[in-house]
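Pasted below: upload-v1.cif, mmCIF, C-alpha atoms.
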```cif
data_target
loop_
_atom_site.label_atom_id
_atom_site.label_comp_id
_atom_site.auth_asym_id
_atom_site.auth_seq_id
_atom_site.Cartn_x
_atom_site.Cartn_y
_atom_site.Cartn_z
CA MET T 1 17.15 16.58 7.31
CA ASP T 2 17.43 12.83 7.54
CA CYS T 3 20.63 11.10 8.48
CA ALA T 4 21.43 7.42 8.62
CA ILE T 5 24.28 6.55 10.94
CA LYS T 6 26.01 3.22 11.20
CA PRO T 7 27.85 3.51 14.53
CA THR T 8 29.27 0.04 14.07
CA TYR T 9 29.53 -2.74 11.54
CA ARG T 10 29.63 -5.29 14.34
CA CYS T 11 26.68 -7.61 14.74
CA ASN T 12 25.92 -10.52 17.03
CA LEU T 13 24.05 -12.30 14.24
CA LYS T 14 25.34 -13.55 10.89
CA CYS T 15 22.36 -13.42 8.59
CA LEU T 16 23.12 -14.96 5.24
CA TYR T 17 21.56 -12.16 3.22
CA CYS T 18 23.00 -9.27 5.23
CA CYS T 19 23.86 -6.10 3.31
CA ILE T 20 27.14 -5.76 5.18
CA HIS T 21 29.84 -7.26 3.05
CA GLU T 22 32.46 -9.00 5.17
CA THR T 23 35.15 -8.53 2.55
CA THR T 24 34.34 -4.91 1.85
CA HIS T 25 34.21 -4.10 5.53
CA ALA T 26 37.35 -5.94 6.54
CA GLY T 27 39.53 -3.48 8.41
CA SER T 28 36.51 -1.32 9.19
CA GLN T 29 35.91 -2.74 12.60
CA SER T 30 36.34 0.41 14.67
CA ASP T 31 33.16 2.02 15.92
CA LEU T 32 31.92 5.58 15.59
CA SER T 33 33.30 7.47 18.56
CA MET T 34 30.98 9.34 20.87
CA ASP T 35 32.65 12.64 19.95
CA LYS T 36 32.13 12.14 16.24
CA ALA T 37 28.58 10.89 16.74
CA MET T 38 27.80 14.07 18.68
CA GLN T 39 29.36 16.19 15.94
CA ILE T 40 27.17 14.51 13.35
CA VAL T 41 24.04 14.92 15.47
CA GLN T 42 24.87 18.58 15.99
CA ALA T 43 25.51 19.10 12.29
CA VAL T 44 22.17 17.50 11.45
CA ALA T 45 20.47 19.85 13.92
CA GLU T 46 22.13 22.86 12.33
CA LYS T 47 21.02 21.76 8.89
CA SER T 48 17.41 21.07 9.88
CA GLN T 49 15.32 24.03 8.87
CA ASN T 50 11.90 23.24 10.27
CA GLY T 51 12.89 22.13 13.75
CA ASN T 52 12.62 18.43 12.99
CA ALA T 53 15.26 15.87 12.16
CA GLN T 54 15.33 12.13 11.88
CA ILE T 55 18.29 9.92 12.64
CA ARG T 56 18.26 6.28 11.64
CA TRP T 57 20.64 4.21 13.73
CA HIS T 58 21.68 1.32 11.59
CA GLY T 59 24.55 -1.09 11.47
CA GLY T 60 25.73 -3.78 12.02
CA GLU T 61 23.70 -4.10 15.17
CA PRO T 62 23.60 -0.62 16.72
CA LEU T 63 22.84 -1.99 20.18
CA CYS T 64 26.35 -3.48 20.16
CA MET T 65 27.41 0.08 21.04
CA GLY T 66 25.95 -0.37 24.50
CA PHE T 67 23.34 1.32 26.64
CA GLU T 68 25.42 4.32 27.71
CA TYR T 69 26.22 5.26 24.12
CA PHE T 70 22.58 5.84 23.24
CA GLU T 71 21.72 7.25 26.66
CA LYS T 72 24.34 9.99 26.18
CA LEU T 73 23.38 10.71 22.58
CA PHE T 74 19.68 11.03 23.38
CA GLU T 75 20.52 13.31 26.28
CA PHE T 76 22.77 15.37 24.00
CA GLN T 77 19.94 15.77 21.50
CA LYS T 78 17.76 17.36 24.17
CA HIS T 79 20.14 20.31 24.38
CA LEU T 80 19.82 21.05 20.68
CA PRO T 81 17.07 23.28 19.23
CA VAL T 82 15.62 20.49 17.12
CA ARG T 83 13.13 17.74 17.77
CA PHE T 84 14.79 14.46 16.88
CA ASP T 85 12.99 11.36 15.72
CA ASN T 86 15.29 8.44 16.39
CA VAL T 87 14.78 5.22 14.49
CA VAL T 88 16.78 2.19 15.56
CA PHE T 89 17.23 -0.79 13.26
CA THR T 90 17.88 -3.65 15.63
CA ASN T 91 17.57 -7.41 15.62
CA LEU T 92 16.12 -7.07 19.16
CA THR T 93 18.26 -9.81 20.63
CA LEU T 94 20.28 -7.29 22.68
CA LEU T 95 17.28 -5.21 23.65
CA ASP T 96 17.20 -5.76 27.40
CA ASP T 97 14.73 -4.05 29.68
CA ARG T 98 17.06 -1.08 30.25
CA PHE T 99 17.27 -0.44 26.52
CA LEU T 100 13.53 -0.87 26.23
CA ASP T 101 12.92 1.70 28.94
CA LEU T 102 15.41 4.15 27.40
CA PHE T 103 13.87 3.79 23.95
CA GLN T 104 10.36 4.18 25.26
CA LYS T 105 11.23 7.34 27.20
CA ASN T 106 12.83 8.80 24.08
CA ARG T 107 10.03 7.70 21.75
CA VAL T 108 12.39 5.71 19.61
CA ILE T 109 10.86 4.04 16.57
CA ILE T 110 12.06 0.45 16.31
CA PHE T 111 12.60 -1.46 13.10
CA THR T 112 13.32 -5.14 13.44
CA SER T 113 13.24 -8.38 11.50
CA LEU T 114 11.29 -11.57 11.92
CA ASP T 115 11.69 -14.19 9.24
CA ALA T 116 10.10 -17.15 10.98
CA ILE T 117 8.07 -18.22 13.98
CA GLU T 118 9.97 -21.47 14.38
CA SER T 119 13.72 -21.57 14.78
CA ASP T 120 14.33 -24.39 12.31
CA ILE T 121 12.79 -22.24 9.56
CA ASP T 122 14.89 -19.29 10.69
CA SER T 123 18.08 -20.74 9.29
CA GLN T 124 18.84 -17.64 7.20
CA ARG T 125 19.24 -15.66 10.41
CA GLY T 126 20.75 -18.33 12.61
CA GLY T 127 17.58 -19.51 14.31
CA HIS T 128 17.24 -16.67 16.82
CA CYS T 129 13.56 -16.04 16.25
CA GLU T 130 12.51 -17.28 19.69
CA ARG T 131 14.52 -14.51 21.32
CA VAL T 132 13.04 -11.97 18.88
CA LEU T 133 9.52 -13.20 19.64
CA GLU T 134 10.20 -12.95 23.36
CA ARG T 135 11.39 -9.36 22.95
CA LEU T 136 8.39 -8.48 20.80
CA ASP T 137 6.20 -9.75 23.62
CA ALA T 138 8.16 -7.56 26.04
CA LEU T 139 7.62 -4.53 23.80
CA GLU T 140 3.91 -5.25 23.60
CA SER T 141 3.68 -5.68 27.39
CA ALA T 142 5.37 -2.32 27.82
CA GLY T 143 2.77 -0.70 25.57
CA TYR T 144 5.32 -0.05 22.84
CA THR T 145 3.63 0.36 19.46
CA ASP T 146 6.17 2.27 17.35
CA VAL T 147 7.59 -0.95 16.02
CA THR T 148 7.81 -2.13 12.44
CA VAL T 149 8.58 -5.79 11.93
CA LYS T 150 10.13 -6.65 8.59
CA THR T 151 10.04 -10.11 7.05
CA THR T 152 12.56 -10.82 4.34
CA VAL T 153 11.06 -13.50 2.14
CA THR T 154 13.18 -16.22 0.61
CA SER T 155 12.53 -19.64 -0.82
CA VAL T 156 13.22 -20.96 2.69
CA ASN T 157 10.46 -19.08 4.53
CA VAL T 158 7.96 -18.10 1.84
CA ASN T 159 5.54 -20.77 3.00
CA GLU T 160 5.82 -19.47 6.57
CA LEU T 161 4.64 -16.00 5.62
CA GLU T 162 1.05 -16.76 6.53
CA LYS T 163 2.09 -17.92 10.02
CA ILE T 164 4.01 -14.71 10.58
CA TYR T 165 1.03 -12.70 9.38
CA ARG T 166 -1.29 -14.51 11.76
CA TYR T 167 1.11 -13.97 14.64
CA LEU T 168 1.48 -10.24 13.94
CA ARG T 169 -2.22 -9.79 13.28
CA GLU T 170 -2.68 -10.04 17.04
CA LYS T 171 0.08 -7.54 17.78
CA PRO T 172 0.01 -3.74 17.87
CA PHE T 173 2.97 -3.46 15.52
CA GLU T 174 3.33 -2.64 11.86
CA TRP T 175 4.46 -5.35 9.48
CA ASN T 176 6.28 -5.17 6.22
CA PHE T 177 7.45 -7.99 4.00
CA ALA T 178 9.33 -8.23 0.75
CA PRO T 179 11.51 -10.66 -1.17
CA VAL T 180 15.18 -10.63 -0.36
CA LEU T 181 17.21 -8.01 -2.20
CA SER T 182 20.53 -8.82 -3.71
CA ALA T 183 23.17 -6.73 -2.00
CA GLY T 184 26.17 -6.86 0.28
CA LYS T 185 27.68 -10.12 1.34
CA GLY T 186 24.49 -11.92 0.45
CA ARG T 187 24.48 -10.95 -3.21
CA ASP T 188 25.19 -14.37 -4.59
CA HIS T 189 23.24 -16.12 -1.87
CA CYS T 190 20.20 -13.92 -2.45
CA LEU T 191 20.00 -14.87 -6.07
CA THR T 192 19.76 -18.53 -5.14
CA VAL T 193 17.06 -18.02 -2.51
CA LEU T 194 14.73 -15.61 -4.28
CA PRO T 195 11.28 -17.10 -3.81
CA ASP T 196 9.49 -18.57 -6.77
CA ALA T 197 7.30 -15.87 -8.33
CA GLN T 198 4.15 -17.98 -8.37
CA VAL T 199 4.58 -19.26 -4.80
CA TYR T 200 5.32 -15.78 -3.50
CA SER T 201 2.47 -14.03 -5.26
CA ASP T 202 -0.04 -16.72 -4.29
CA MET T 203 0.97 -16.35 -0.65
CA ALA T 204 1.10 -12.55 -0.71
CA ILE T 205 -2.29 -12.27 -2.40
CA LYS T 206 -3.83 -14.72 0.08
CA ILE T 207 -2.57 -12.57 2.94
CA PHE T 208 -3.73 -9.38 1.24
CA ASN T 209 -7.23 -10.82 0.80
CA GLU T 210 -7.42 -11.57 4.53
CA TRP T 211 -5.95 -8.21 5.47
CA VAL T 212 -8.41 -6.29 3.31
CA ALA T 213 -11.24 -7.79 5.33
CA SER T 214 -9.68 -7.40 8.77
CA ASN T 215 -7.36 -4.36 8.55
CA LYS T 216 -5.01 -6.11 10.99
CA PRO T 217 -2.18 -5.63 11.51
CA ARG T 218 -0.93 -2.43 9.94
CA VAL T 219 0.92 -3.65 6.83
CA TYR T 220 3.31 -1.13 5.39
CA LEU T 221 3.49 -2.70 1.95
CA PHE T 222 -0.26 -2.78 1.44
CA ARG T 223 -0.81 0.67 2.86
CA LYS T 224 1.96 2.21 0.80
CA VAL T 225 0.74 0.70 -2.45
CA ILE T 226 -2.83 1.86 -1.76
CA GLU T 227 -1.66 5.34 -0.77
CA GLU T 228 0.28 5.54 -4.00
CA LEU T 229 -2.75 4.42 -5.97
CA LEU T 230 -4.82 7.14 -4.31
CA SER T 231 -2.13 9.75 -4.43
CA SER T 232 -2.04 12.57 -6.89
CA ARG T 233 1.65 13.17 -6.44
CA LYS T 234 3.31 14.78 -9.37
CA PRO T 235 6.09 12.90 -11.10
CA ASP T 236 8.72 15.44 -10.20
CA GLU T 237 8.00 15.41 -6.48
CA VAL T 238 11.00 14.47 -4.35
CA GLU T 239 11.42 13.03 -0.93
CA ARG T 240 13.33 14.58 1.95
CA PRO T 241 17.11 14.84 1.80
CA MET T 242 19.16 12.25 3.60
CA PHE T 243 22.78 11.40 3.92
CA ASN T 244 24.52 8.34 5.27
CA VAL T 245 27.50 8.13 7.60
CA ASP T 246 29.26 4.97 8.65
CA ALA T 247 31.33 3.94 11.64
CA GLN T 248 34.41 5.65 10.26
CA GLY T 249 32.60 8.89 9.50
CA GLU T 250 32.67 8.15 5.79
CA ILE T 251 29.71 9.38 3.76
CA TYR T 252 27.99 7.24 1.16
CA LYS T 253 25.36 8.26 -1.30
CA CYS T 254 23.36 5.11 -0.84
CA LEU T 255 22.43 3.54 2.47
CA GLN T 256 22.10 0.19 0.86
CA PHE T 257 25.71 0.21 -0.22
CA GLN T 258 27.09 2.05 2.76
CA GLY T 259 30.52 0.70 3.53
CA ASP T 260 31.19 -0.25 -0.06
CA SER T 261 34.16 1.81 -1.21
CA ASP T 262 32.67 2.14 -4.68
CA TYR T 263 29.91 4.28 -3.21
CA ARG T 264 31.92 6.40 -0.79
CA VAL T 265 31.74 10.09 -1.66
CA ALA T 266 33.23 12.05 1.27
CA SER T 267 34.39 12.00 4.87
CA PHE T 268 32.66 13.74 7.70
CA ARG T 269 34.79 16.29 9.49
CA GLY T 270 33.46 17.92 12.61
CA SER T 271 34.46 21.33 11.38
CA THR T 272 32.74 20.83 8.05
CA SER T 273 29.24 22.13 7.50
CA ILE T 274 26.68 19.62 6.32
CA ASP T 275 25.94 22.12 3.56
CA ASP T 276 29.06 20.75 1.99
CA PHE T 277 27.35 17.38 1.80
CA ALA T 278 24.37 18.60 -0.15
CA ASP T 279 25.59 16.81 -3.22
CA TYR T 280 26.00 13.59 -1.30
CA THR T 281 22.51 12.97 -0.06
CA CYS T 282 21.13 9.58 -0.91
CA GLU T 283 19.96 9.47 -4.49
CA TRP T 284 16.79 7.82 -3.32
CA SER T 285 16.05 11.03 -1.48
CA SER T 286 16.05 12.93 -4.74
CA PHE T 287 14.23 10.14 -6.47
CA LYS T 288 11.82 11.35 -9.10
CA PHE T 289 8.47 9.71 -9.50
CA GLU T 290 8.38 8.56 -13.07
CA PRO T 291 6.12 6.08 -14.79
CA CYS T 292 7.34 2.53 -14.87
CA ASN T 293 7.88 0.92 -18.21
CA SER T 294 6.82 -2.56 -17.20
CA CYS T 295 3.94 -1.94 -14.84
CA ASP T 296 1.16 0.56 -14.27
CA PHE T 297 2.64 1.68 -10.98
CA THR T 298 4.62 4.84 -10.72
CA TRP T 299 7.33 3.94 -8.27
CA ILE T 300 6.49 0.91 -6.21
CA CYS T 301 9.48 -1.27 -6.97
CA LYS T 302 11.73 1.58 -8.05
CA PHE T 303 13.96 -0.64 -10.11
CA ASN T 304 13.01 1.14 -13.26
CA HIS T 305 13.12 4.59 -11.73
CA CYS T 306 15.90 4.85 -9.21
CA SER T 307 18.77 4.99 -11.60
CA PHE T 308 21.26 4.55 -8.83
CA LEU T 309 19.73 1.42 -7.39
CA GLY T 310 18.86 0.18 -10.83
CA ASP T 311 22.45 0.49 -11.91
CA CYS T 312 23.60 -1.29 -8.79
CA MET T 313 21.22 -4.14 -9.28
CA GLN T 314 22.02 -4.46 -12.92
CA ARG T 315 25.67 -4.47 -12.09
CA ILE T 316 25.09 -7.35 -9.72
CA ASP T 317 22.78 -9.33 -11.90
CA ARG T 318 21.03 -8.01 -14.99
CA ASP T 319 18.40 -10.67 -14.62
CA PHE T 320 17.56 -9.76 -11.04
CA THR T 321 15.22 -6.84 -11.65
CA ARG T 322 13.18 -8.81 -14.13
CA ARG T 323 12.85 -11.68 -11.67
CA TYR T 324 11.93 -9.29 -8.88
CA CYS T 325 9.38 -7.59 -11.07
CA ASP T 326 7.80 -10.96 -11.88
CA ILE T 327 7.57 -11.69 -8.18
CA MET T 328 5.96 -8.39 -7.19
CA LYS T 329 3.67 -7.57 -10.10
CA PRO T 330 0.80 -10.03 -9.41
CA LEU T 331 0.35 -8.65 -5.90
CA PHE T 332 0.41 -5.06 -7.11
CA HIS T 333 -2.18 -5.86 -9.73
CA ARG T 334 -4.37 -7.61 -7.20
CA ILE T 335 -4.24 -4.60 -4.87
CA GLN T 336 -4.99 -2.28 -7.77
CA THR T 337 -8.00 -4.35 -8.80
CA VAL T 338 -9.45 -4.54 -5.30
CA VAL T 339 -9.03 -0.80 -4.66
CA HIS T 340 -10.51 0.07 -8.02
CA ASN T 341 -13.51 -2.20 -7.44
CA GLU T 342 -14.08 -0.81 -3.95
CA LEU T 343 -13.98 2.79 -5.15
CA SER T 344 -16.13 2.06 -8.18
CA SER T 345 -18.78 0.44 -6.00
CA VAL T 346 -19.39 3.57 -3.96
CA ILE T 347 -19.32 6.29 -6.62
CA ARG T 348 -21.74 4.73 -9.03
CA MET L 349 -6.12 6.55 -9.28
CA GLU L 350 -8.56 8.89 -10.96
CA LEU L 351 -11.50 7.50 -9.02
CA ALA L 352 -10.07 8.78 -5.76
CA LYS L 353 -10.38 12.36 -6.98
CA GLU L 354 -14.13 12.06 -7.13
CA ILE L 355 -14.91 10.36 -3.87
CA THR L 356 -16.29 12.04 -0.74
CA VAL L 357 -15.99 10.99 2.89
CA GLU L 358 -19.65 10.05 2.89
CA GLN L 359 -19.16 7.83 -0.13
CA ALA L 360 -16.01 6.36 1.34
CA GLN L 361 -18.01 5.14 4.34
CA GLY L 362 -19.68 2.74 1.94
CA ILE L 363 -16.45 0.94 1.09
CA SER L 364 -16.85 -2.62 2.32
CA SER L 365 -13.22 -3.30 3.15
CA PRO L 366 -12.30 -1.77 6.51
CA ALA L 367 -8.66 -1.55 5.45
CA ILE L 368 -9.32 0.33 2.23
CA ARG L 369 -12.07 2.43 3.78
CA SER L 370 -9.70 3.58 6.51
CA LEU L 371 -6.98 4.54 4.04
CA VAL L 372 -9.36 6.32 1.68
CA VAL L 373 -10.91 8.35 4.52
CA GLU L 374 -7.44 9.26 5.74
CA HIS L 375 -6.40 10.20 2.22
CA ILE L 376 -9.41 12.49 1.77
CA SER L 377 -8.83 14.05 5.18
CA GLN L 378 -5.22 14.85 4.36
CA LYS L 379 -6.10 16.32 0.97
CA GLU L 380 -8.72 18.47 2.65
CA LYS L 381 -6.22 19.76 5.17
CA ILE L 382 -3.75 20.57 2.44
CA ARG L 383 -6.47 22.34 0.48
CA ASN L 384 -7.23 24.44 3.54
CA GLY L 385 -3.61 25.39 3.88
CA ASP L 386 -2.96 23.27 6.95
CA SER L 387 0.34 21.54 6.43
CA SER L 388 1.01 20.95 10.11
CA HIS L 389 0.23 17.27 9.74
CA ILE L 390 2.72 16.82 6.96
CA ILE L 391 6.40 16.19 7.45
CA TYR L 392 8.14 16.44 4.11
CA GLY L 393 5.17 14.93 2.42
CA TYR L 394 4.77 12.13 4.93
CA SER L 395 1.76 11.91 7.14
CA LYS L 396 1.93 12.02 10.90
CA PHE L 397 -1.08 9.75 10.92
CA THR L 398 1.11 6.91 9.88
CA HIS L 399 4.09 6.63 12.14
CA SER L 400 6.29 5.03 9.56
CA LYS L 401 7.84 8.05 8.00
CA THR L 402 10.63 5.62 7.47
CA SER L 403 9.67 2.52 5.62
CA CYS L 404 12.64 0.27 6.03
CA THR L 405 16.36 0.28 5.67
CA CYS L 406 16.27 1.20 2.08
CA THR L 407 13.33 3.59 2.32
CA CYS L 408 11.32 1.86 -0.34
CA VAL L 409 8.42 -0.51 -0.26
CA VAL L 410 10.16 -3.57 -1.48
CA GLY L 411 13.46 -3.16 0.26
CA GLY L 412 14.67 -6.49 1.45
CA LEU L 413 17.54 -5.58 3.68
CA GLY L 414 17.12 -5.93 7.38
#
```
As a first step, turn the structure in this file into structure tokens.
Amino acid sequence: MDCAIKPTYRCNLKCLYCCIHETTHAGSQSDLSMDKAMQIVQAVAEKSQNGNAQIRWHGGEPLCMGFEYFEKLFEFQKHLPVRFDNVVFTNLTLLDDRFLDLFQKNRVIIFTSLDAIESDIDSQRGGHCERVLERLDALESAGYTDVTVKTTVTSVNVNELEKIYRYLREKPFEWNFAPVLSAGKGRDHCLTVLPDAQVYSDMAIKIFNEWVASNKPRVYLFRKVIEELLSSRKPDEVERPMFNVDAQGEIYKCLQFQGDSDYRVASFRGSTSIDDFADYTCEWSSFKFEPCNSCDFTWICKFNHCSFLGDCMQRIDRDFTRRYCDIMKPLFHRIQTVVHNELSSVIR
Amino acid sequence: MELAKEITVEQAQGISSPAIRSLVVEHISQKEKIRNGDSSHIIYGYSKFTHSKTSCTCTCVVGGLG
């Protein structure tokens, strides 16, 4: 069982493309109480059938909840008959050494964002990249490797992507990058800052060509595409179930639109079994792998396959998926060509 | 990719790209384990070899939300 929990919508940063919609979330400023968080964690444990569960702490900035909040929750998990994988999505700016030590002791997987190496390029996120870089150095010094750094690519930073790649190539972390998605408060903004398809694909392919030769750093996007190319997954295979709870204990069927009343499906009650939420797991989790109509890839961009996301995106901007497809396709084709050539060369 | 079905570990060692070679060898290894009935390295279809069982906020490759 996977569960995504947003303990708070508060955040100390104001990124322009953030998925949290200020209007939608107005009046939703109270945080998830410790009691309710424990009830959710316990319910997830009860639902987990194979002794493993994953909780993704999202937000807002989850570290706004404070050190003691997570210290108590991690301690609480140890008394449950399930092994928890905790994933924290944080901007790192509040990750002091106490948090770092707590996360390391509890084997927390960290997801963070880095959109620039220089603060004047980091305007989309308020120019806090120096603090993020300093914290990444601290994580590296502590021997922390379970870190994925995500770069959201816009027209503002697309030319900086190579610098970020070169910086992370020397780090023990995983990197992922992708064009900005249109959602939340940044919907309109995102549409204006989507990178140019040609500029993006030229940059992404240049980085891929270097990565193929060096294998540094771990790059989620490249690895995932190659794994999918190699995979013999059947079209009807599904991913693990997941449900999403926000700071008010409301359940949404899509993490991406968590907090948006249009996507709210139920409320968590401590006395309610999670079995009752079976119908409310994220639709991505029951996503079916179906061939794409516009590309050779089976699921990579998902816009043509995830009906839920596809509907959302089309509702926002019917032109968006086509533009996104144009941006991504050249890279996918380049990866496909290189993998095919490499495999062909050794089985002849 | 149909080619991947035919390749052996020995052949994979001849792949010039270290990145692709590593992923192909890992892929073959996992398929072999599954074939032998060992699913201990699999969590809901995700590999323990790669720590990122979670990809990103929106659990897909191209998700752009931070």
Could you list the residues chosen by the PyMOL selection byres ((chain T) within 8 of (chain L)) in this structure as number ranges by chain? T: 17-19, 89, 111-113, 146, 148, 150, 152-153, 177-181, 211-215, 220-221, 223-224, 226-227, 229-232, 239-240, 255-256, 284, 300-302, 339-340, 342-347
Deliver the residues from the most recent selection as a file, using C-alpha atoms, as a PDB file, keeping the file's coordinate frame.
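The new file result28.pdb reads:
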```pdb
ATOM      1  CA  TYR T  17      21.560 -12.160   3.220  1.00  0.00           C
ATOM      2  CA  CYS T  18      23.000  -9.270   5.230  1.00  0.00           C
ATOM      3  CA  CYS T  19      23.860  -6.100   3.310  1.00  0.00           C
ATOM      4  CA  PHE T  89      17.230  -0.790  13.260  1.00  0.00           C
ATOM      5  CA  PHE T 111      12.600  -1.460  13.100  1.00  0.00           C
ATOM      6  CA  THR T 112      13.320  -5.140  13.440  1.00  0.00           C
ATOM      7  CA  SER T 113      13.240  -8.380  11.500  1.00  0.00           C
ATOM      8  CA  ASP T 146       6.170   2.270  17.350  1.00  0.00           C
ATOM      9  CA  THR T 148       7.810  -2.130  12.440  1.00  0.00           C
ATOM     10  CA  LYS T 150      10.130  -6.650   8.590  1.00  0.00           C
ATOM     11  CA  THR T 152      12.560 -10.820   4.340  1.00  0.00           C
ATOM     12  CA  VAL T 153      11.060 -13.500   2.140  1.00  0.00           C
ATOM     13  CA  PHE T 177       7.450  -7.990   4.000  1.00  0.00           C
ATOM     14  CA  ALA T 178       9.330  -8.230   0.750  1.00  0.00           C
ATOM     15  CA  PRO T 179      11.510 -10.660  -1.170  1.00  0.00           C
ATOM     16  CA  VAL T 180      15.180 -10.630  -0.360  1.00  0.00           C
ATOM     17  CA  LEU T 181      17.210  -8.010  -2.200  1.00  0.00           C
ATOM     18  CA  TRP T 211      -5.950  -8.210   5.470  1.00  0.00           C
ATOM     19  CA  VAL T 212      -8.410  -6.290   3.310  1.00  0.00           C
ATOM     20  CA  ALA T 213     -11.240  -7.790   5.330  1.00  0.00           C
ATOM     21  CA  SER T 214      -9.680  -7.400   8.770  1.00  0.00           C
ATOM     22  CA  ASN T 215      -7.360  -4.360   8.550  1.00  0.00           C
ATOM     23  CA  TYR T 220       3.310  -1.130   5.390  1.00  0.00           C
ATOM     24  CA  LEU T 221       3.490  -2.700   1.950  1.00  0.00           C
ATOM     25  CA  ARG T 223      -0.810   0.670   2.860  1.00  0.00           C
ATOM     26  CA  LYS T 224       1.960   2.210   0.800  1.00  0.00           C
ATOM     27  CA  ILE T 226      -2.830   1.860  -1.760  1.00  0.00           C
ATOM     28  CA  GLU T 227      -1.660   5.340  -0.770  1.00  0.00           C
ATOM     29  CA  LEU T 229      -2.750   4.420  -5.970  1.00  0.00           C
ATOM     30  CA  LEU T 230      -4.820   7.140  -4.310  1.00  0.00           C
ATOM     31  CA  SER T 231      -2.130   9.750  -4.430  1.00  0.00           C
ATOM     32  CA  SER T 232      -2.040  12.570  -6.890  1.00  0.00           C
ATOM     33  CA  GLU T 239      11.420  13.030  -0.930  1.00  0.00           C
ATOM     34  CA  ARG T 240      13.330  14.580   1.950  1.00  0.00           C
ATOM     35  CA  LEU T 255      22.430   3.540   2.470  1.00  0.00           C
ATOM     36  CA  GLN T 256      22.100   0.190   0.860  1.00  0.00           C
ATOM     37  CA  TRP T 284      16.790   7.820  -3.320  1.00  0.00           C
ATOM     38  CA  ILE T 300       6.490   0.910  -6.210  1.00  0.00           C
ATOM     39  CA  CYS T 301       9.480  -1.270  -6.970  1.00  0.00           C
ATOM     40  CA  LYS T 302      11.730   1.580  -8.050  1.00  0.00           C
ATOM     41  CA  VAL T 339      -9.030  -0.800  -4.660  1.00  0.00           C
ATOM     42  CA  HIS T 340     -10.510   0.070  -8.020  1.00  0.00           C
ATOM     43  CA  GLU T 342     -14.080  -0.810  -3.950  1.00  0.00           C
ATOM     44  CA  LEU T 343     -13.980   2.790  -5.150  1.00  0.00           C
ATOM     45  CA  SER T 344     -16.130   2.060  -8.180  1.00  0.00           C
ATOM     46  CA  SER T 345     -18.780   0.440  -6.000  1.00  0.00           C
ATOM     47  CA  VAL T 346     -19.390   3.570  -3.960  1.00  0.00           C
ATOM     48  CA  ILE T 347     -19.320   6.290  -6.620  1.00  0.00           C
TER      49      ILE T 347
END
```
Cut-off 7 Å around (8.8, 3.8, 21.6) with all atoms listed in the file: residues as number ranges by chain: T: 103-104, 106-109, 144-146
Can you spell out as an MDAnalysis selection string the set of residues that the PyMOL selection byres ((chain T and resi 124-136) around 6) selects in the structure I just provided? chainID T and resid 15:16 92:93 119 122:123 137:139
Generate the output file for the selected residues, C-alpha atoms, as a PDB file, in the frame of the given file.
```
ATOM      1  CA  CYS T  15      22.360 -13.420   8.590  1.00  0.00           C
ATOM      2  CA  LEU T  16      23.120 -14.960   5.240  1.00  0.00           C
ATOM      3  CA  LEU T  92      16.120  -7.070  19.160  1.00  0.00           C
ATOM      4  CA  THR T  93      18.260  -9.810  20.630  1.00  0.00           C
ATOM      5  CA  SER T 119      13.720 -21.570  14.780  1.00  0.00           C
ATOM      6  CA  ASP T 122      14.890 -19.290  10.690  1.00  0.00           C
ATOM      7  CA  SER T 123      18.080 -20.740   9.290  1.00  0.00           C
ATOM      8  CA  ASP T 137       6.200  -9.750  23.620  1.00  0.00           C
ATOM      9  CA  ALA T 138       8.160  -7.560  26.040  1.00  0.00           C
ATOM     10  CA  LEU T 139       7.620  -4.530  23.800  1.00  0.00           C
TER      11      LEU T 139
END
```
Picked residues, the PyMOL selection byres ((chain T and resi 48-60) around 9), as a ChimeraX atom specification: /T:1-13,20,41,43-47,61-64,81-90,246-247 /L:391,402,405
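As for atom CA of Asn157 of chain T and atom CA of Leu95 of chain T, they are spaced 24.6 Å apart.
In this model, the gap between atom CA of Val265 of chain T and atom CA of Gln39 of chain T comes to 18.8 Å.
Proximity of T:Ile335, T:Ile121, T:Glu75, T:Glu210 to Glu228 of chain T, computed with only C-alpha atoms, is greatest for T:Ile335.
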What does the structure give for the distance between atom CA of Ala197 of chain T and atom CA of Leu331 of chain T, in Å to one decimal? 10.3 Å
